>>> print(open('run.cif').read())   # mmCIF, C-alpha atoms
data_final
#
loop_
_atom_site.label_atom_id
_atom_site.label_comp_id
_atom_site.auth_asym_id
_atom_site.auth_seq_id
_atom_site.Cartn_x
_atom_site.Cartn_y
_atom_site.Cartn_z
CA MET F 471 -22.15 2.84 12.86
CA PHE F 472 -20.69 5.53 10.62
CA ASP F 473 -22.10 6.40 7.20
CA LEU F 474 -19.75 5.66 4.32
CA SER F 475 -19.51 9.13 2.81
CA ASP F 476 -17.23 9.90 -0.14
CA THR F 477 -14.81 11.68 2.18
CA ILE F 478 -14.55 8.77 4.62
CA ARG F 479 -14.22 6.32 1.74
CA GLU F 480 -11.30 8.29 0.30
CA GLU F 481 -9.62 8.36 3.71
CA ILE F 482 -10.05 4.60 4.06
CA VAL F 483 -8.48 4.05 0.63
CA PHE F 484 -5.56 6.25 1.70
CA ALA F 485 -5.13 4.16 4.86
CA MET F 486 -5.21 0.96 2.79
CA GLU F 487 -2.47 2.14 0.44
CA ASN F 488 -0.17 3.57 3.10
CA GLN F 489 2.20 0.71 3.84
CA GLU F 490 4.28 2.70 6.35
CA ILE F 491 1.67 3.54 9.00
CA GLU F 492 -0.90 1.27 10.60
CA TYR F 493 -4.38 2.73 10.82
CA ALA F 494 -7.64 1.80 12.48
CA ILE F 495 -11.14 3.13 11.93
CA ASP F 496 -13.61 4.29 14.55
CA VAL F 497 -16.80 2.32 13.91
CA ASP F 498 -19.04 5.07 15.31
CA SER F 499 -17.54 8.11 13.58
CA GLY F 500 -15.50 6.71 10.70
CA GLU F 501 -12.45 8.63 11.90
CA ILE F 502 -9.10 7.23 10.78
CA VAL F 503 -6.69 6.72 13.68
CA ALA F 504 -2.96 6.04 13.44
CA THR F 505 -2.70 3.13 15.87
CA GLU F 506 0.93 3.69 16.87
CA LEU F 507 0.09 7.16 18.19
CA ASP F 508 -1.19 7.57 21.72
CA TYR F 509 -4.85 8.43 21.67
CA GLU F 510 -6.75 10.02 24.55
CA ALA F 511 -10.49 9.38 24.70
CA ASP F 512 -12.77 12.39 24.77
CA GLU F 513 -14.11 11.38 28.16
CA PRO F 514 -12.40 9.49 30.98
CA GLY F 515 -13.28 5.83 30.86
CA SER F 516 -14.81 5.95 27.38
CA GLU F 517 -13.63 3.44 24.81
CA ARG F 518 -13.65 3.49 21.06
CA GLU F 519 -14.46 0.50 18.91
CA LEU F 520 -11.68 0.45 16.36
CA VAL F 521 -11.46 -1.91 13.39
CA ASP F 522 -8.74 -2.51 10.83
CA PRO F 523 -9.25 -1.00 7.37
CA PRO F 524 -9.77 -3.37 4.43
CA TYR F 525 -6.65 -5.43 3.84
CA TRP F 526 -4.51 -4.22 0.95
CA SER F 527 -0.93 -5.30 0.30
CA SER F 528 1.71 -4.60 -2.31
CA GLY F 529 0.79 -8.00 -3.74
CA ASP F 530 -2.79 -6.81 -4.21
CA GLY F 531 -1.46 -3.75 -5.97
CA PHE F 532 0.68 -5.82 -8.32
CA ARG F 533 -2.17 -8.20 -9.15
CA LEU F 534 -4.38 -5.22 -9.95
CA MET F 535 -1.75 -3.80 -12.30
CA ASP F 536 -1.40 -7.20 -13.95
CA SER F 537 -5.16 -7.69 -14.44
CA PHE F 538 -5.47 -4.19 -15.89
CA THR F 539 -2.57 -4.72 -18.27
CA ARG F 540 -3.94 -7.99 -19.62
CA ALA F 541 -7.29 -6.32 -20.30
CA VAL F 542 -5.73 -3.49 -22.32
CA GLY F 543 -6.68 -3.82 -25.97
CA ASP F 544 -3.93 -1.66 -27.48
CA PRO F 545 -1.08 -4.13 -28.23
CA GLU F 546 1.64 -1.49 -28.03
CA GLY F 547 0.50 -0.16 -24.67
CA ARG F 548 -0.14 -3.65 -23.30
CA ASN F 549 3.31 -4.89 -24.27
CA ALA F 550 4.97 -1.82 -22.77
CA LEU F 551 3.11 -2.32 -19.49
CA LEU F 552 3.93 -6.05 -19.45
CA ALA F 553 7.59 -5.17 -19.85
CA ALA F 554 7.33 -2.76 -16.91
CA LEU F 555 5.69 -5.45 -14.78
CA GLY F 556 8.60 -7.77 -15.53
CA ARG F 557 11.12 -5.36 -14.05
CA GLY F 558 11.16 -6.93 -10.58
CA ARG F 559 12.67 -4.33 -8.26
CA GLY F 560 11.09 -0.93 -8.83
CA VAL F 561 8.11 -2.41 -10.66
CA PHE F 562 5.60 0.09 -9.28
CA ARG F 563 7.68 3.07 -10.38
CA ALA F 564 8.31 1.46 -13.78
CA PHE F 565 4.58 0.86 -14.26
CA LYS F 566 3.77 4.46 -13.34
CA ASN F 567 6.44 5.84 -15.66
CA CYS F 568 5.20 3.65 -18.50
CA LEU F 569 1.62 4.83 -18.03
CA ALA F 570 2.80 8.43 -18.32
CA MET F 571 3.71 7.67 -21.94
CA TYR F 572 0.11 6.65 -22.70
CA PRO F 573 -2.21 9.35 -21.28
CA GLU F 574 -5.42 7.53 -22.25
CA LEU F 575 -4.26 4.31 -20.58
CA GLU F 576 -3.13 6.32 -17.57
CA ARG F 577 -6.62 7.79 -17.21
CA LEU F 578 -8.14 4.33 -17.57
CA TRP F 579 -5.74 2.87 -15.00
CA TYR F 580 -6.66 5.33 -12.27
CA ALA F 581 -10.36 4.82 -12.94
CA TYR F 582 -9.82 1.04 -12.90
CA LYS F 583 -7.82 1.20 -9.68
CA ASP F 584 -10.34 3.48 -7.96
CA ALA F 585 -13.21 1.17 -8.92
CA ALA F 586 -11.37 -1.89 -7.58
CA MET F 587 -10.45 -0.26 -4.27
CA ILE F 588 -13.90 1.24 -3.79
CA LYS F 589 -15.39 -2.22 -4.28
CA ARG F 590 -13.00 -3.59 -1.64
CA VAL F 591 -14.12 -0.85 0.77
CA HIS F 592 -17.81 -1.50 0.06
CA ASP F 593 -17.41 -5.24 0.66
CA TRP F 594 -15.61 -4.55 3.94
CA TYR F 595 -18.25 -2.02 5.00
CA ASP F 596 -21.06 -4.47 4.23
CA GLN F 597 -19.39 -7.09 6.41
CA LEU F 598 -19.25 -4.60 9.28
CA ARG F 599 -22.93 -3.79 8.84
CA VAL F 600 -24.04 -7.42 8.67
CA ALA F 601 -22.01 -8.23 11.80
CA ARG F 602 -24.01 -5.53 13.61
CA GLY F 603 -27.39 -6.68 12.34
CA LEU F 604 -27.70 -3.95 9.72
CA GLU F 605 -28.64 -4.23 6.05
CA ARG F 606 -26.02 -4.19 3.36
CA LEU F 607 -25.11 -0.90 1.74
CA GLY F 608 -26.82 -1.50 -1.60
CA PRO F 609 -25.86 -2.03 -5.26
CA GLU F 610 -22.27 -3.01 -5.97
CA PRO F 611 -19.94 -0.36 -7.39
CA GLU F 612 -19.11 -0.47 -11.10
CA ASP F 613 -17.28 -3.63 -12.11
CA THR F 614 -13.73 -3.02 -13.34
CA ASP F 615 -14.21 -5.26 -16.39
CA ASP F 616 -17.27 -3.25 -17.41
CA LEU F 617 -15.25 -0.09 -16.92
CA LEU F 618 -12.64 -1.15 -19.45
CA ALA F 619 -15.17 -2.61 -21.86
CA GLY F 620 -17.01 0.70 -21.99
CA GLU F 621 -13.92 2.44 -23.31
CA PHE F 622 -13.99 0.67 -26.68
CA SER F 623 -16.30 0.78 -29.68
CA LEU F 624 -16.74 -1.38 -32.78
CA ARG F 625 -16.98 0.45 -36.11
CA ARG F 626 -17.40 -0.73 -39.70
CA TYR F 627 -15.42 0.79 -42.57
CA GLY F 628 -14.83 0.05 -46.22
CA ARG F 629 -11.68 -1.05 -48.01
CA GLU F 630 -10.49 2.56 -48.26
CA TYR F 631 -9.84 2.59 -44.50
CA TRP F 632 -7.13 -0.06 -44.79
CA ALA F 633 -4.35 2.56 -44.95
CA GLN F 634 -5.22 3.64 -41.39
CA CYS F 635 -5.01 0.01 -40.25
CA ARG F 636 -1.57 -0.77 -41.64
CA GLU F 637 0.39 0.19 -38.52
CA LEU F 638 -1.79 -2.05 -36.34
CA PHE F 639 -1.49 -4.80 -38.97
CA SER F 640 2.32 -4.50 -38.84
CA ARG F 641 2.35 -4.82 -35.05
CA GLY F 642 0.28 -7.97 -35.37
CA LEU F 643 2.84 -9.31 -37.82
CA SER F 644 5.64 -8.69 -35.33
CA GLU F 645 3.74 -10.48 -32.55
CA ALA F 646 2.97 -13.44 -34.82
CA LEU F 647 6.66 -13.85 -35.70
CA ASP F 648 7.34 -14.55 -32.02
CA LYS F 649 4.97 -17.52 -32.04
CA PHE F 650 4.93 -19.04 -35.54
CA PRO F 651 7.45 -19.91 -38.28
CA GLU F 652 8.56 -16.83 -40.18
CA ALA F 653 7.77 -18.29 -43.62
CA LEU F 654 4.19 -19.11 -42.61
CA VAL F 655 3.60 -15.70 -41.06
CA GLU F 656 5.04 -13.83 -44.04
CA TYR F 657 2.92 -15.87 -46.45
CA GLU F 658 -0.35 -15.37 -44.57
CA TYR F 659 0.13 -11.67 -43.93
CA THR F 660 1.28 -10.96 -47.48
CA ALA F 661 -1.76 -12.80 -48.84
CA ILE F 662 -4.11 -10.82 -46.61
CA ASP F 663 -2.51 -7.52 -47.58
CA LYS F 664 -2.69 -8.30 -51.31
CA GLU F 665 -6.30 -9.42 -51.07
CA ILE F 666 -7.33 -6.19 -49.35
CA GLU F 667 -5.26 -3.90 -51.55
CA GLY F 668 -6.12 -5.62 -54.83
CA GLY F 669 -9.85 -6.07 -54.39
CA LYS F 670 -12.55 -3.90 -55.86
CA GLU F 671 -13.87 -0.98 -53.86
CA GLY F 672 -17.04 -1.77 -51.95
CA GLU F 673 -16.46 -5.54 -51.77
CA LEU F 674 -14.94 -5.57 -48.30
CA ASP F 675 -16.02 -4.56 -44.80
CA LEU F 676 -13.39 -3.78 -42.18
CA TYR F 677 -14.50 -4.07 -38.55
CA VAL F 678 -12.31 -1.94 -36.31
CA VAL F 679 -12.19 -1.72 -32.52
CA GLU F 680 -11.29 1.78 -31.38
CA ALA F 681 -10.33 3.03 -27.94
CA ALA F 682 -12.12 6.04 -26.50
CA ALA F 683 -9.35 8.35 -27.71
CA GLY F 684 -9.62 6.99 -31.26
CA ALA F 685 -6.60 4.68 -31.19
CA LEU F 686 -7.06 1.48 -33.18
CA VAL F 687 -7.05 -1.66 -31.05
CA ALA F 688 -8.08 -4.46 -33.43
CA VAL F 689 -9.17 -4.99 -37.03
CA ALA F 690 -10.99 -7.85 -38.73
#
>>> encode(input="run.cif", output="structure tokens")
Amino acid sequence: MFDLSDTIREEIVFAMENQEIEYAIDVDSGEIVATELDYEADEPGSERELVDPPYWSSGDGFRLMDSFTRAVGDPEGRNALLAALGRGRGVFRAFKNCLAMYPELERLWYAYKDAAMIKRVHDWYDQLRVARGLERLGPEPEDTDDLLAGEFSLRRYGREYWAQCRELFSRGLSEALDKFPEALVEYEYTAIDKEIEGGKEGELDLYVVEAAAGALVAVA
């Protein structure tokens, strides 16, 4: 049974994502073989034990993009990605192009995707080992939810920080108008703004969630 080195794992991920060529994996060496190509064994009469790579379809890819998008804390980036996912034809290209407009989210996406696919490979590899009477590989790879959660921090500020929160506050207003009566939304948001602006310094704590790059995600 082959050892799951970083190099072999990367090659398996490549085989999973390639939807144009069918691959198989040599259980002894970990070599990736294109199954439609004629293969000659090293020695006459020898046979290789080949297994399919972990299953991965375009549907899996879409569901991964969707789960990532819904976990994004930045409302602007999340809404842009949701719009890209609603494109239908060309959705993968639209998603990629949208990510290019948000470098921090793009970095997070590739880390999120890598973690998810590595976990799929590890689960598959463990199944192969168990089927051959071997122990499982070991600790699970980093969970994708933990990966995203680690990219945000909660900070406390005073009333003077409200000016930096206004843009995020305005985006929240726009989202609320899509769900609630305009008069109610305007009243509530105006009241909140006046209370924060008109209060005395030092009487208010603002709790702000920031992304790793410093972008504001939420305020309370």
>>> closest_residue(input="run.cif", among="F:Glu501, F:Glu517, F:Asp596, F:Glu492", to="Glu480 of chain F", atoms="only C-alpha atoms")
F:Glu501
>>> atom_distance(input="run.cif", atom1="atom CA of Arg599 of chain F", atom2="atom CA of Pro523 of chain F")
14.0 Å
>>> axis_aligned_box(input="run.cif", around="segment 518-532 of chain F", padding_each_side="5 Å", output="lines of an AutoDock Vina configuration file")
center_x = -6.4
center_y = -2.3
center_z = 6.4
size_x = 26.2
size_y = 21.5
size_z = 39.4
>>> atom_distance(input="run.cif", atom1="atom CA of Leu569 of chain F", atom2="atom CA of Ala554 of chain F")
9.6 Å
>>> residues_around(input="run.cif", residues="Ser475 of chain F", least_positions_apart="4", cutoff="12 Å", atoms="only C-alpha atoms", output="short mmCIF file (atom, residue, chain, number, x, y, z; two decimals) with C-alpha atoms, keeping the file's coordinate frame")
data_model
loop_
_atom_site.label_atom_id
_atom_site.label_comp_id
_atom_site.auth_asym_id
_atom_site.auth_seq_id
_atom_site.Cartn_x
_atom_site.Cartn_y
_atom_site.Cartn_z
CA ARG F 479 -14.22 6.32 1.74
CA GLU F 480 -11.30 8.29 0.30
CA GLU F 481 -9.62 8.36 3.71
CA ILE F 482 -10.05 4.60 4.06
CA SER F 499 -17.54 8.11 13.58
CA GLY F 500 -15.50 6.71 10.70
CA GLU F 501 -12.45 8.63 11.90
CA ILE F 588 -13.90 1.24 -3.79
CA VAL F 591 -14.12 -0.85 0.77
CA HIS F 592 -17.81 -1.50 0.06
CA TYR F 595 -18.25 -2.02 5.00
CA LEU F 607 -25.11 -0.90 1.74
#
>>> closest_residue(input="run.cif", among="F:Glu665, F:Leu534, F:Tyr493, F:Gly642", to="Asp584 of chain F", atoms="only C-alpha atoms")
F:Leu534
>>> resolve_selection(input="run.cif", expression="the PyMOL selection byres ((chain F and resi 486) around 7)", output="PyMOL selection string")
chain F and resi 482-485+487-488+523-526
